[in-house]
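A.B. asks: Below is the file query-v6.cif, which contains mmCIF, C-alpha atoms and all ligand atoms.
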data_protein
#
loop_
_atom_site.label_atom_id
_atom_site.label_comp_id
_atom_site.auth_asym_id
_atom_site.auth_seq_id
_atom_site.Cartn_x
_atom_site.Cartn_y
_atom_site.Cartn_z
CA MET R 17 21.91 10.57 -7.19
CA THR R 18 24.84 9.09 -9.05
CA HIS R 19 24.72 5.59 -10.37
CA ARG R 20 27.37 4.46 -7.93
CA SER R 21 25.69 5.85 -4.81
CA THR R 22 22.37 4.31 -5.91
CA ASN R 23 24.04 0.93 -6.13
CA ILE R 24 25.68 1.30 -2.74
CA LEU R 25 22.35 2.31 -1.21
CA THR R 26 20.56 -0.66 -2.77
CA VAL R 27 23.10 -3.10 -1.41
CA LEU R 28 22.89 -1.50 2.04
CA ILE R 29 19.07 -1.71 2.10
CA LEU R 30 19.22 -5.35 1.05
CA LEU R 31 21.76 -6.03 3.79
CA GLY R 32 19.47 -4.28 6.27
CA LEU R 33 16.54 -6.47 5.20
CA VAL R 34 18.45 -9.74 5.38
CA ALA R 35 20.34 -8.91 8.58
CA GLY R 36 17.10 -7.74 10.20
CA ALA R 37 15.33 -10.97 9.28
CA LEU R 38 18.23 -13.09 10.60
CA VAL R 39 18.54 -11.18 13.87
CA GLY R 40 14.77 -11.29 14.32
CA GLU R 41 14.50 -15.01 13.67
CA PHE R 42 17.61 -16.38 15.35
CA GLY R 43 18.48 -13.66 17.86
CA LEU R 44 14.97 -13.04 19.14
CA HIS R 45 12.23 -15.36 17.99
CA ALA R 46 14.14 -18.64 18.29
CA THR R 47 15.48 -17.70 21.73
CA GLY R 48 12.00 -16.91 23.01
CA VAL R 49 12.82 -13.29 23.96
CA PRO R 50 9.42 -11.55 24.23
CA VAL R 51 8.98 -8.88 21.56
CA ASP R 52 6.01 -6.58 22.04
CA GLY R 53 4.53 -3.58 20.28
CA ASP R 54 6.74 -1.03 22.01
CA HIS R 55 9.97 -2.96 21.85
CA TRP R 56 13.07 -0.76 21.51
CA LEU R 57 13.77 -2.22 18.04
CA LYS R 58 10.51 -0.81 16.72
CA ALA R 59 11.00 2.48 18.56
CA THR R 60 14.46 2.83 16.99
CA GLY R 61 13.13 1.99 13.51
CA ASP R 62 10.42 4.60 13.98
CA LEU R 63 12.87 7.25 15.10
CA VAL R 64 15.48 6.54 12.46
CA LEU R 65 13.28 6.06 9.42
CA ILE R 66 9.52 6.24 9.81
CA ARG R 67 9.33 9.63 11.50
CA PRO R 68 11.74 11.41 9.10
CA LEU R 69 9.89 9.93 6.11
CA LYS R 70 6.50 10.86 7.56
CA LEU R 71 7.74 14.39 8.09
CA LEU R 72 8.15 14.70 4.34
CA ILE R 73 4.80 13.21 3.30
CA VAL R 74 2.50 16.25 3.61
CA PRO R 75 4.75 18.87 1.96
CA LEU R 76 5.80 16.35 -0.66
CA ILE R 77 2.25 15.42 -1.64
CA PHE R 78 1.29 19.10 -1.78
CA PHE R 79 4.16 20.31 -3.92
CA SER R 80 4.54 17.24 -6.10
CA VAL R 81 0.89 17.27 -7.15
CA ILE R 82 0.95 21.01 -7.89
CA SER R 83 4.18 20.61 -9.79
CA GLY R 84 2.81 17.63 -11.75
CA ILE R 85 -0.39 19.48 -12.65
CA THR R 86 1.29 22.71 -13.71
CA ARG R 87 3.80 20.78 -15.78
CA ILE R 88 1.01 19.01 -17.64
CA GLY R 89 -0.62 22.42 -18.04
CA ASP R 90 -3.10 22.00 -20.87
CA PRO R 91 -6.54 21.20 -19.29
CA SER R 92 -7.60 18.77 -22.04
CA LYS R 93 -4.40 16.81 -21.57
CA LEU R 94 -5.03 16.81 -17.83
CA GLY R 95 -8.45 15.30 -18.34
CA ILE R 96 -6.92 12.46 -20.34
CA VAL R 97 -4.12 11.88 -17.83
CA GLY R 98 -6.51 12.02 -14.85
CA GLY R 99 -9.06 9.74 -16.52
CA ALA R 100 -6.45 7.20 -17.60
CA THR R 101 -4.92 7.19 -14.11
CA LEU R 102 -8.26 6.51 -12.43
CA ILE R 103 -9.16 3.78 -14.91
CA TYR R 104 -5.76 2.19 -14.33
CA TYR R 105 -6.18 2.23 -10.53
CA LEU R 106 -9.66 0.74 -10.61
CA ALA R 107 -8.95 -1.87 -13.29
CA THR R 108 -5.82 -3.23 -11.61
CA MET R 109 -7.40 -3.28 -8.16
CA PHE R 110 -10.37 -5.12 -9.60
CA MET R 111 -8.05 -7.69 -11.21
CA ALA R 112 -6.21 -8.14 -7.91
CA VAL R 113 -9.34 -8.62 -5.88
CA THR R 114 -10.82 -11.06 -8.39
CA LEU R 115 -7.60 -13.04 -8.39
CA GLY R 116 -7.67 -13.18 -4.57
CA THR R 117 -11.30 -14.30 -4.49
CA VAL R 118 -10.75 -17.04 -7.07
CA LEU R 119 -7.62 -18.31 -5.29
CA VAL R 120 -9.14 -18.39 -1.82
CA THR R 121 -12.26 -20.16 -3.07
CA TRP R 122 -10.16 -22.67 -4.95
CA ILE R 123 -7.49 -23.34 -2.29
CA SER R 124 -10.03 -23.11 0.59
CA PRO R 125 -7.42 -22.44 3.31
CA GLY R 126 -10.13 -22.08 5.97
CA VAL R 127 -11.54 -25.56 5.46
CA LEU R 128 -9.41 -27.27 8.11
CA ALA R 129 -9.79 -30.20 10.50
CA PRO R 130 -12.58 -29.30 12.96
CA GLU R 131 -10.27 -29.24 15.99
CA ILE R 132 -7.84 -26.83 14.29
CA GLN R 133 -10.77 -24.64 13.26
CA GLU R 134 -11.96 -24.64 16.85
CA THR R 135 -8.55 -23.68 18.29
CA LEU R 136 -8.21 -20.86 15.78
CA ARG R 137 -11.70 -19.57 16.51
CA GLU R 138 -10.86 -19.44 20.19
CA THR R 139 -8.16 -16.89 19.41
CA ALA R 140 -10.78 -14.51 18.02
CA GLY R 141 -11.70 -11.63 20.24
CA SER R 142 -8.39 -9.86 20.54
CA PHE R 143 -9.75 -7.46 17.93
CA SER R 144 -11.79 -4.69 19.43
CA ALA R 145 -15.01 -4.61 17.45
CA GLY R 146 -16.35 -1.64 19.38
CA GLU R 147 -14.06 0.98 17.94
CA THR R 148 -14.67 -0.15 14.40
CA ALA R 149 -18.37 -0.95 14.61
CA THR R 150 -19.18 2.35 12.96
CA ARG R 151 -17.24 1.44 9.84
CA SER R 152 -20.23 0.31 7.87
CA LEU R 153 -20.31 0.42 4.11
CA GLY R 154 -22.32 3.66 4.08
CA SER R 155 -19.99 5.42 6.43
CA ALA R 156 -17.01 4.22 4.39
CA TRP R 157 -18.41 5.91 1.28
CA MET R 158 -19.26 9.05 3.22
CA ASN R 159 -15.82 9.13 4.77
CA ILE R 160 -14.19 9.05 1.32
CA LEU R 161 -16.63 11.66 -0.03
CA TYR R 162 -16.04 14.00 2.92
CA GLN R 163 -12.30 13.71 2.41
CA LEU R 164 -12.77 14.49 -1.28
CA VAL R 165 -14.50 17.77 -0.43
CA PRO R 166 -12.24 19.27 2.21
CA VAL R 167 -13.18 22.37 4.18
CA ASN R 168 -9.89 23.23 5.79
CA ILE R 169 -6.70 22.31 4.03
CA PHE R 170 -4.62 22.99 7.14
CA GLU R 171 -6.72 20.59 9.19
CA ASP R 172 -6.16 17.93 6.52
CA MET R 173 -2.45 18.63 6.63
CA VAL R 174 -2.34 18.46 10.42
CA LYS R 175 -4.25 15.20 10.46
CA VAL R 176 -2.31 13.83 7.46
CA ARG R 177 -5.41 13.15 5.36
CA PRO R 178 -3.85 12.82 1.90
CA LEU R 179 -7.07 12.87 -0.14
CA GLY R 180 -8.02 16.37 1.01
CA ILE R 181 -4.51 17.66 0.36
CA ILE R 182 -4.46 16.09 -3.11
CA VAL R 183 -7.85 17.55 -4.06
CA PHE R 184 -6.77 21.03 -3.01
CA ALA R 185 -3.39 20.67 -4.72
CA ILE R 186 -5.08 19.57 -7.97
CA ALA R 187 -7.49 22.52 -7.84
CA PHE R 188 -4.75 25.00 -6.96
CA GLY R 189 -2.43 23.55 -9.59
CA LEU R 190 -5.16 23.96 -12.22
CA ALA R 191 -5.66 27.57 -11.17
CA LEU R 192 -1.94 28.29 -11.33
CA ALA R 193 -1.78 26.69 -14.77
CA ALA R 194 -4.75 28.75 -15.97
CA GLY R 195 -3.29 32.00 -14.63
CA GLY R 196 -0.69 32.37 -17.41
CA ASP R 197 1.90 35.06 -16.78
CA LYS R 198 0.19 36.33 -13.64
CA THR R 199 0.83 33.09 -11.75
CA LYS R 200 4.17 32.17 -13.26
CA VAL R 201 6.09 33.13 -10.11
CA ALA R 202 3.91 30.85 -7.98
CA ARG R 203 4.35 27.99 -10.45
CA ASP R 204 8.12 28.42 -10.38
CA LEU R 205 8.06 28.67 -6.60
CA CYS R 206 6.11 25.39 -6.26
CA ASN R 207 8.43 23.63 -8.70
CA ALA R 208 11.46 24.91 -6.82
CA CYS R 209 9.99 23.82 -3.46
CA PHE R 210 9.41 20.39 -4.94
CA GLU R 211 13.00 20.16 -6.14
CA GLY R 212 14.22 21.28 -2.70
CA LEU R 213 12.09 18.68 -0.97
CA MET R 214 13.48 15.98 -3.23
CA ILE R 215 17.01 16.93 -2.16
CA LEU R 216 15.86 16.50 1.44
CA VAL R 217 14.31 13.15 0.49
CA ARG R 218 17.63 11.98 -0.92
CA TRP R 219 19.32 12.81 2.38
CA VAL R 220 16.69 10.97 4.43
CA ILE R 221 16.87 7.98 2.10
CA TRP R 222 20.35 7.21 3.39
CA LEU R 223 18.70 6.28 6.68
CA THR R 224 16.68 3.52 4.99
CA PRO R 225 19.14 0.62 5.53
CA ILE R 226 19.37 1.24 9.29
CA GLY R 227 15.64 1.81 9.73
CA VAL R 228 14.74 -1.24 7.66
CA PHE R 229 17.10 -3.37 9.74
CA PHE R 230 15.41 -2.45 13.04
CA LEU R 231 11.86 -2.71 11.72
CA VAL R 232 12.34 -6.09 10.04
CA ALA R 233 14.19 -7.49 13.09
CA TRP R 234 11.25 -6.42 15.23
CA THR R 235 8.62 -7.93 12.91
CA VAL R 236 10.35 -11.25 12.42
CA GLY R 237 11.33 -11.39 16.11
CA LYS R 238 7.68 -10.95 17.04
CA ILE R 239 6.10 -13.34 14.58
CA GLY R 240 8.80 -15.71 13.37
CA PHE R 241 9.04 -17.39 10.02
CA GLU R 242 7.55 -20.65 11.23
CA SER R 243 4.10 -19.02 11.24
CA ILE R 244 4.09 -19.73 7.51
CA VAL R 245 3.81 -23.45 8.27
CA GLY R 246 1.54 -23.07 11.34
CA PRO R 247 -2.27 -23.49 11.33
CA LEU R 248 -2.58 -20.19 9.49
CA GLY R 249 -0.04 -21.45 6.96
CA TRP R 250 -2.43 -22.06 4.08
CA TYR R 251 -4.08 -18.72 4.58
CA MET R 252 -0.72 -16.95 4.43
CA THR R 253 0.36 -19.06 1.47
CA THR R 254 -2.82 -18.16 -0.42
CA VAL R 255 -2.22 -14.44 0.11
CA LEU R 256 1.42 -14.82 -0.91
CA ILE R 257 0.60 -16.82 -4.06
CA GLY R 258 -1.93 -14.15 -5.03
CA LEU R 259 0.57 -11.34 -4.47
CA VAL R 260 3.24 -13.16 -6.46
CA VAL R 261 0.88 -13.81 -9.39
CA HIS R 262 -0.36 -10.22 -9.39
CA GLY R 263 3.10 -8.70 -8.93
CA PHE R 264 5.05 -10.95 -11.27
CA ILE R 265 2.48 -11.82 -13.95
CA VAL R 266 -0.56 -9.52 -14.04
CA LEU R 267 1.07 -6.13 -13.51
CA PRO R 268 4.09 -6.92 -15.73
CA LEU R 269 1.69 -8.02 -18.46
CA VAL R 270 -0.30 -4.79 -18.15
CA LEU R 271 2.92 -2.77 -18.30
CA TRP R 272 4.20 -4.65 -21.30
CA LEU R 273 0.87 -4.36 -23.15
CA PHE R 274 0.69 -0.60 -22.70
CA THR R 275 4.34 0.38 -23.07
CA GLY R 276 6.08 -2.53 -24.79
CA LYS R 277 8.86 -2.10 -22.21
CA ASP R 278 10.56 -4.94 -20.34
CA PRO R 279 8.58 -5.08 -17.06
CA PHE R 280 11.22 -6.96 -15.11
CA GLN R 281 13.88 -4.48 -16.00
CA PHE R 282 11.57 -1.78 -14.65
CA MET R 283 10.92 -3.84 -11.51
CA TRP R 284 14.67 -4.08 -11.02
CA GLN R 285 15.00 -0.32 -11.47
CA MET R 286 12.33 0.22 -8.81
CA LYS R 287 13.97 -2.14 -6.30
CA ARG R 288 14.90 0.56 -3.77
CA ALA R 289 11.29 1.63 -3.43
CA LEU R 290 10.06 -1.96 -3.25
CA MET R 291 12.52 -2.88 -0.51
CA THR R 292 11.62 0.25 1.43
CA ALA R 293 7.96 -0.76 1.20
CA ILE R 294 8.81 -4.17 2.63
CA GLY R 295 10.78 -2.59 5.44
CA THR R 296 8.34 0.15 6.40
CA ASP R 297 4.94 -1.51 5.77
CA SER R 298 3.67 1.81 4.56
CA SER R 299 3.12 3.12 1.03
CA SER R 300 2.84 6.67 2.35
CA ALA R 301 6.15 6.49 4.18
CA THR R 302 7.68 4.94 1.04
CA LEU R 303 6.29 7.68 -1.22
CA PRO R 304 9.38 9.93 -1.08
CA VAL R 305 11.54 6.96 -2.13
CA THR R 306 9.03 5.87 -4.80
CA ILE R 307 9.06 9.31 -6.42
CA ASP R 308 12.84 9.52 -6.28
CA THR R 309 13.32 6.04 -7.75
CA ALA R 310 10.63 6.35 -10.43
CA GLU R 311 12.02 9.65 -11.71
CA GLY R 312 15.63 8.54 -11.37
CA GLU R 313 16.37 4.92 -12.24
CA GLY R 314 12.80 4.15 -13.38
CA GLY R 315 12.78 6.73 -16.18
CA CYS R 316 9.24 7.99 -15.44
CA SER R 317 8.46 11.56 -16.43
CA LYS R 318 8.08 14.14 -13.67
CA ARG R 319 4.68 15.05 -15.03
CA ALA R 320 3.40 11.50 -14.68
CA ALA R 321 5.19 10.50 -11.49
CA ASN R 322 4.29 13.64 -9.55
CA PHE R 323 0.65 13.09 -10.27
CA VAL R 324 0.23 9.31 -10.32
CA LEU R 325 2.43 8.36 -7.34
CA PRO R 326 1.04 10.56 -4.52
CA LEU R 327 -2.50 9.76 -5.59
CA GLY R 328 -1.63 6.08 -5.97
CA ALA R 329 -0.03 5.85 -2.51
CA THR R 330 -3.41 6.85 -1.11
CA ILE R 331 -5.97 5.11 -3.27
CA ASN R 332 -4.31 2.52 -5.50
CA MET R 333 -3.70 -0.58 -3.38
CA ASP R 334 -3.68 -3.78 -5.42
CA GLY R 335 -1.97 -5.82 -2.71
CA THR R 336 -4.38 -4.69 -0.02
CA ALA R 337 -7.43 -5.35 -2.21
CA LEU R 338 -6.25 -8.89 -2.93
CA TYR R 339 -5.41 -9.53 0.69
CA GLU R 340 -8.77 -8.27 1.98
CA ALA R 341 -10.64 -10.64 -0.31
CA VAL R 342 -8.54 -13.65 0.73
CA ALA R 343 -8.70 -12.81 4.44
CA VAL R 344 -12.47 -12.26 4.53
CA VAL R 345 -13.38 -15.41 2.58
CA PHE R 346 -10.88 -17.36 4.71
CA LEU R 347 -12.56 -16.23 7.94
CA PHE R 348 -15.99 -17.13 6.62
CA GLN R 349 -14.66 -20.57 5.67
CA LEU R 350 -13.20 -20.99 9.15
CA PHE R 351 -16.59 -20.33 10.70
CA GLY R 352 -18.20 -22.83 8.36
CA ILE R 353 -20.10 -20.20 6.37
CA GLU R 354 -20.02 -20.95 2.68
CA LEU R 355 -20.39 -17.88 0.47
CA GLU R 356 -22.45 -18.01 -2.71
CA PHE R 357 -21.55 -16.31 -5.97
CA GLY R 358 -23.55 -13.16 -5.14
CA GLN R 359 -21.85 -12.85 -1.79
CA LEU R 360 -18.44 -13.33 -3.37
CA LEU R 361 -19.36 -10.50 -5.71
CA ILE R 362 -20.05 -8.32 -2.68
CA VAL R 363 -16.58 -9.26 -1.42
CA VAL R 364 -15.04 -8.21 -4.74
CA ILE R 365 -16.76 -4.83 -4.79
CA THR R 366 -16.40 -3.93 -1.13
CA ALA R 367 -12.80 -5.15 -0.87
CA THR R 368 -11.90 -2.77 -3.69
CA LEU R 369 -13.65 0.04 -1.83
CA ALA R 370 -12.01 -0.95 1.46
CA ALA R 371 -8.59 -0.88 -0.21
CA ILE R 372 -9.26 2.59 -1.64
CA GLY R 373 -10.31 3.73 1.82
CA ALA R 374 -7.28 2.20 3.55
CA ALA R 375 -4.57 4.68 4.42
CA GLY R 376 -1.02 3.90 3.29
CA ILE R 377 0.06 2.99 6.82
CA PRO R 378 0.84 -0.33 8.55
CA SER R 379 -2.17 -2.61 9.15
CA ALA R 380 -4.65 -0.20 7.56
CA GLY R 381 -6.07 -3.06 5.48
CA LEU R 382 -6.79 -5.06 8.60
CA VAL R 383 -9.03 -2.30 9.92
CA THR R 384 -10.94 -1.49 6.74
CA MET R 385 -11.68 -5.21 6.38
CA VAL R 386 -14.55 -4.59 8.79
CA ILE R 387 -16.38 -2.91 5.88
CA VAL R 388 -16.19 -6.07 3.78
CA ILE R 389 -17.30 -8.39 6.59
CA SER R 390 -20.22 -6.10 7.54
CA ALA R 391 -21.37 -5.91 3.92
CA VAL R 392 -21.40 -9.71 3.53
CA ASN R 393 -23.02 -10.12 6.95
CA MET R 394 -25.84 -7.79 5.91
CA ASN R 395 -26.46 -10.01 2.94
CA LEU R 396 -26.54 -13.09 5.14
CA THR R 397 -29.38 -11.87 7.38
CA GLY R 398 -32.26 -14.26 7.16
CA SER R 399 -30.09 -17.09 5.86
CA PRO R 400 -29.33 -20.06 8.16
CA ASN R 401 -25.65 -19.10 8.03
CA GLY R 402 -25.01 -16.82 10.94
CA PRO R 403 -23.11 -13.56 10.56
CA LEU R 404 -19.37 -13.63 11.07
CA PRO R 405 -18.38 -11.92 14.32
CA ILE R 406 -16.16 -8.91 13.57
CA ALA R 407 -13.89 -10.12 16.37
CA ALA R 408 -12.89 -12.99 14.04
CA ILE R 409 -10.35 -10.57 12.59
CA GLY R 410 -8.41 -11.21 15.82
CA ILE R 411 -7.45 -14.61 14.39
CA ILE R 412 -5.27 -13.15 11.67
CA ILE R 413 -3.84 -10.16 13.54
CA GLY R 414 -0.85 -12.11 14.82
CA VAL R 415 0.56 -12.86 11.38
CA ASP R 416 -0.61 -9.69 9.69
CA ARG R 417 2.64 -7.78 9.75
CA ILE R 418 4.48 -10.26 7.51
CA LEU R 419 1.66 -10.18 4.97
CA ASP R 420 1.58 -6.40 5.29
CA MET R 421 5.23 -6.20 4.18
CA CYS R 422 4.42 -8.11 1.02
CA ARG R 423 1.14 -6.43 0.14
CA THR R 424 2.67 -2.98 0.67
CA ALA R 425 5.40 -3.88 -1.84
CA VAL R 426 2.70 -4.86 -4.37
CA ASN R 427 0.82 -1.62 -3.62
CA VAL R 428 3.93 0.42 -4.41
CA TRP R 429 4.73 -1.70 -7.48
CA GLY R 430 1.21 -1.05 -8.79
CA ASP R 431 1.73 2.71 -8.39
CA ALA R 432 5.08 2.53 -10.16
CA VAL R 433 3.63 0.58 -13.10
CA GLY R 434 0.88 3.23 -13.32
CA ALA R 435 3.46 6.03 -13.41
CA LYS R 436 5.38 4.26 -16.18
CA ILE R 437 2.25 3.74 -18.27
CA ILE R 438 1.08 7.34 -17.79
CA THR R 439 4.58 8.53 -18.79
CA ARG R 440 3.58 7.46 -22.31
CA ILE R 441 0.76 10.00 -22.44
CA ALA R 442 2.57 12.62 -20.40
CA PRO R 443 6.27 12.48 -21.27
CA ASP R 444 8.66 15.13 -20.03
N1 LIG R 501 0.32 -1.17 4.75
C1 LIG R 501 -0.39 -1.02 3.53
C2 LIG R 501 0.18 0.16 2.76
O1 LIG R 501 0.68 1.08 3.34
C3 LIG R 501 -1.86 -0.85 3.72
C4 LIG R 501 -2.45 -2.12 4.27
O2 LIG R 501 -2.82 -2.98 3.47
O3 LIG R 501 -2.51 -2.30 5.48
O4 LIG R 501 0.11 0.19 1.56
#
Output the file's structure in the form of C-alpha cells.
C.D. replies:
Amino acid sequence: MTHRSTNILTVLILLGLVAGALVGEFGLHATGVPVDGDHWLKATGDLVLIRPLKLLIVPLIFFSVISGITRIGDPSKLGIVGGATLIYYLATMFMAVTLGTVLVTWISPGVLAPEIQETLRETAGSFSAGETATRSLGSAWMNILYQLVPVNIFEDMVKVRPLGIIVFAIAFGLALAAGGDKTKVARDLCNACFEGLMILVRWVIWLTPIGVFFLVAWTVGKIGFESIVGPLGWYMTTVLIGLVVHGFIVLPLVLWLFTGKDPFQFMWQMKRALMTAIGTDSSSATLPVTIDTAEGEGGCSKRAANFVLPLGATINMDGTALYEAVAVVFLFQLFGIELEFGQLLIVVITATLAAIGAAGIPSAGLVTMVIVISAVNMNLTGSPNGPLPIAAIGIIIGVDRILDMCRTAVNVWGDAVGAKIITRIAPD
C-alpha cells in the first residue's frame, strides 16, 4: 500500500471510531433507544467487516506460518526463533498478570459501601454457570494439549481452531524446508498463496472504517460511557490503568531494551492494527491487518511477522491476562472474600493459562475466567470464606465490551512488539 493510501485509511478508521462513539452515546444511549445483542448496527458491522476478516483467518494462518517457517529455513535458527518467541509470550503475559494483581489488591475496587456491594451482587446470575461448569483447570490444560496434537487438520480448519492449524503448518513448513530441491515448488506455491492472500487482505481492509463505525456505535449505544463512573467505575478504572501502564510503559520498555528502537514511533506505525482491534474486539479478526501493518509501516521482517503474529493472536494475550486477574480479585472482594498471598499466586498462574486458552474473539476472556475462579475456589475449600459463585461473573458482563476493546488492543500491541523484537534475530 502506498504511503498516501495508508494515511487516508488511518484517518478514515479514526473517523469511524470517533463517529461511532458519538452516534452510540448521543444518538442511542442518551436517548434511551434499546440496543440489544442482535441490533441492526451489530449485524451490519458483522456483515461489513467481521465476516470478511474471519473468512481470511484460516487460510492466512496456514500460509503465513508455512511461509514464515520456510523462509527461516535453517532448523537451528528455527529453534532459537521459536524458543525466543515462547519466552517472550510467557514473560510479558506474566508481567501483565502480576501488574493486574498488584493494582487490584492495592486499589481494592471491590471494597465498596455494603449497600452498593449488595446491589451489585443481586445482578449476578445472568451468567449461565451450567455451560461453563466443565471448564475446570484440568480440562483447560487438556483442551490446550488436545488442540496441540490435532488429528484432523480439516476439522480444525472447519471449526477455526487456530492452535491445531498452526501446529500442522509448523510441521509441514519444517518438512518443506527440509526437502531441499524436491519441495521447492511447494515452498514457492505457499509463498505465492500467502502473497495473494495479503492482496485480498488489503482489499478487505478498506472496509475497516465502515465496520468499525457500526460496531463501536453498537457497543457504546448499548453500554454508554457513563458506566465508567457508575458502581463498577473503580473496577473499570483499575483495568484501564493496568492496560495503560502495560501498553505505554512495560511493553515499550521491553521493546526498547531488546531493539534500542523508539517504541512510540513503532506504536504509531502500528496504529491501523490497534484501531482495528479496538473496533472489532478480536485479535483473530485483526490478524490480517496486524500482519499487513507490521510488515508494511512497522518494518518487521516477513520471517518474524509470519511466525510470531498468527501464533501470538492465539496464545499471547497480555491485555486479557491482566484483565482476568483484576476481574477475579475484584469479584472476590465484592463478596467479602479476602485472598491471601498463596491464593493470589494461584490467580497469577491460572489467569496466564486462561489467557493462553482464550480464543482471539470478543468476550473470550470473560468465559475462560471460570478457570481462574474455580482454581481459587478449590483452594478455599475448608476455609471459612465461602467459594465465589461462578454466576458472579454476571456482574461484570454488562460493561465487558468496553474493556474488551481496550484489552484486545493491548493483546495486538503485545504481538506486534514480539514481532519487532524477533525481527532482530530473524531479519529479512
Ligand atoms: N477479545 C480478546 C481478543 O480477541 C479476547 C478477550 O480477552 O476476550 O484478543
A.B. asks: Would you pick out the contacts of segment 91-97 of chain R at 9 Å or less, using only C-alpha atoms, so that residues sharing its chain but fewer than 2 positions from it are not included, and give the list as a tab-separated table (two decimals) with C-alpha atoms, in the coordinates of the input?
C.D. replies:
chain	number	residue	atom	x	y	z
R	85	ILE	CA	-0.39	19.48	-12.65
R	88	ILE	CA	1.01	19.01	-17.64
R	89	GLY	CA	-0.62	22.42	-18.04
R	99	GLY	CA	-9.06	9.74	-16.52
R	100	ALA	CA	-6.45	7.20	-17.60
R	101	THR	CA	-4.92	7.19	-14.11
R	102	LEU	CA	-8.26	6.51	-12.43
R	190	LEU	CA	-5.16	23.96	-12.22
R	193	ALA	CA	-1.78	26.69	-14.77
R	194	ALA	CA	-4.75	28.75	-15.97
R	320	ALA	CA	3.40	11.50	-14.68
R	438	ILE	CA	1.08	7.34	-17.79
R	441	ILE	CA	0.76	10.00	-22.44
R	442	ALA	CA	2.57	12.62	-20.40
A.B. asks: What do you get as a PyMOL selection string if you pick all residues at most 9 Å from ligand LIG 501 (chain R), counting all atoms listed in the file?
C.D. replies: chain R and resi 293+296-302+329-330+332-337+339-340+371+374-384+416-417+419-428
A.B. asks: Atom CA of Leu223 of chain R and atom CA of Trp284 of chain R are how many Å apart?
C.D. replies: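 Atom CA of Leu223 of chain R sits 20.9 Å away from atom CA of Trp284 of chain R.
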A.B. asks: What's the separation between atom CA of Ala140 of chain R and atom CA of Thr366 of chain R, in Å to one decimal place?
C.D. replies: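 So the answer is 22.6 Å.
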A.B. asks: When distances are computed from only C-alpha atoms, which of R:Ala208, R:Ala59, R:Ile82, R:Ile418 shows the smallest separation from Phe184 of chain R?
C.D. replies: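 Closest to Phe184 of chain R, using only C-alpha atoms: R:Ile82.
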A.B. asks: Need the neighbours of (-13.7, -23.7, 12.7): which residues are at most 7 Å away, counting only C-alpha atoms, as a PyMOL selection string?
C.D. replies: chain R and resi 130+132-134+136-137+350-352
A.B. asks: List every protein, DNA or RNA residue that has an atom no more than 12 Å from (15.7, 0.4, -9.4) in the file's coordinate frame, counting only C-alpha atoms, and report them as a ChimeraX atom specification.
C.D. replies: /R:19,22-23,25-27,279-292,305-316,429,432
A.B. asks: Taking only C-alpha atoms into account, which of R:Val74, R:Thr235, R:Tyr104, R:Leu327 comes nearest Asp172 of chain R?
C.D. replies: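 Using only C-alpha atoms, the shortest distance to Asp172 of chain R belongs to R:Val74.
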A.B. asks: Residues within 7 Å of segment 264-269 of chain R, please, as a ChimeraX atom specification. Count only C-alpha atoms; anything in the same chain fewer than 4 positions from it doesn't count.
C.D. replies: /R:260,273,279,430
A.B. asks: Rounded to one decimal place, report the atom CA of Val217 of chain R-atom CA of Ile73 of chain R distance in Å.
C.D. replies: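 Atom-to-atom, atom CA of Val217 of chain R and atom CA of Ile73 of chain R are spaced 9.9 Å apart.
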A.B. asks: Ranking R:Lys198, R:Arg67, R:Lys175, R:Lys436 by minimum distance to Thr224 of chain R and counting only C-alpha atoms, which one comes first?
C.D. replies: R:Arg67
A.B. asks: Please report, as JSON, the centre and edge lengths in Å to one decimal of an axis-aligned box covering all listed atoms of segment 316-333 of chain R with 3 Å per side.
C.D. replies:
{"center_x": 1.6, "center_y": 7.2, "center_z": -8.8, "size_x": 21.2, "size_y": 21.6, "size_z": 21.3}
A.B. asks: List the spatial neighbours of Gly295 of chain R as a list in words - criterion: any atom at most 7 Å away, all atoms listed in the file, same-chain residues fewer than 5 positions off excluded.
C.D. replies: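 After dropping sequence-adjacent residues, the list is Leu33, Val228, Leu231, Val232 and Met421 of chain R.
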A.B. asks: Pick out the closest residue to Gly328 of chain R from this set: R:Leu38, R:Val433, R:Val120, R:Leu396. Count all atoms listed in the file.
C.D. replies: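 Comparing R:Leu38, R:Val433, R:Val120, R:Leu396 against Gly328 of chain R, the winner is R:Val433.
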A.B. asks: Between R:Val220, R:Ile244, R:Ala129, R:Ile181, which has the minimum distance to Leu71 of chain R (counting only C-alpha atoms)?
C.D. replies: R:Val220
A.B. asks: Write a file for segment 197-202 of chain R, containing N, CA, C and O atoms (output as an mmCIF file, in the first residue's frame).
C.D. replies:
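result10.cif written:
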data_model
loop_
_atom_site.group_PDB
_atom_site.id
_atom_site.type_symbol
_atom_site.label_atom_id
_atom_site.label_comp_id
_atom_site.auth_asym_id
_atom_site.auth_seq_id
_atom_site.Cartn_x
_atom_site.Cartn_y
_atom_site.Cartn_z
ATOM 1 N N ASP R 197 15.540 -29.361 -2.888
ATOM 2 C CA ASP R 197 15.036 -29.117 -4.238
ATOM 3 C C ASP R 197 13.699 -29.800 -4.516
ATOM 4 O O ASP R 197 12.877 -29.311 -5.276
ATOM 5 N N LYS R 198 13.527 -30.982 -3.871
ATOM 6 C CA LYS R 198 12.308 -31.752 -4.152
ATOM 7 C C LYS R 198 11.038 -30.982 -3.780
ATOM 8 O O LYS R 198 9.992 -31.165 -4.382
ATOM 9 N N THR R 199 11.129 -30.150 -2.739
ATOM 10 C CA THR R 199 9.911 -29.475 -2.264
ATOM 11 C C THR R 199 9.900 -27.981 -2.607
ATOM 12 O O THR R 199 9.053 -27.246 -2.126
ATOM 13 N N LYS R 200 10.830 -27.591 -3.461
ATOM 14 C CA LYS R 200 10.927 -26.162 -3.768
ATOM 15 C C LYS R 200 9.620 -25.606 -4.359
ATOM 16 O O LYS R 200 9.180 -24.520 -4.002
ATOM 17 N N VAL R 201 9.005 -26.409 -5.249
ATOM 18 C CA VAL R 201 7.775 -25.932 -5.899
ATOM 19 C C VAL R 201 6.705 -25.657 -4.835
ATOM 20 O O VAL R 201 6.009 -24.634 -4.872
ATOM 21 N N ALA R 202 6.589 -26.584 -3.876
ATOM 22 C CA ALA R 202 5.560 -26.405 -2.834
ATOM 23 C C ALA R 202 5.857 -25.170 -1.984
ATOM 24 O O ALA R 202 4.951 -24.429 -1.600
#
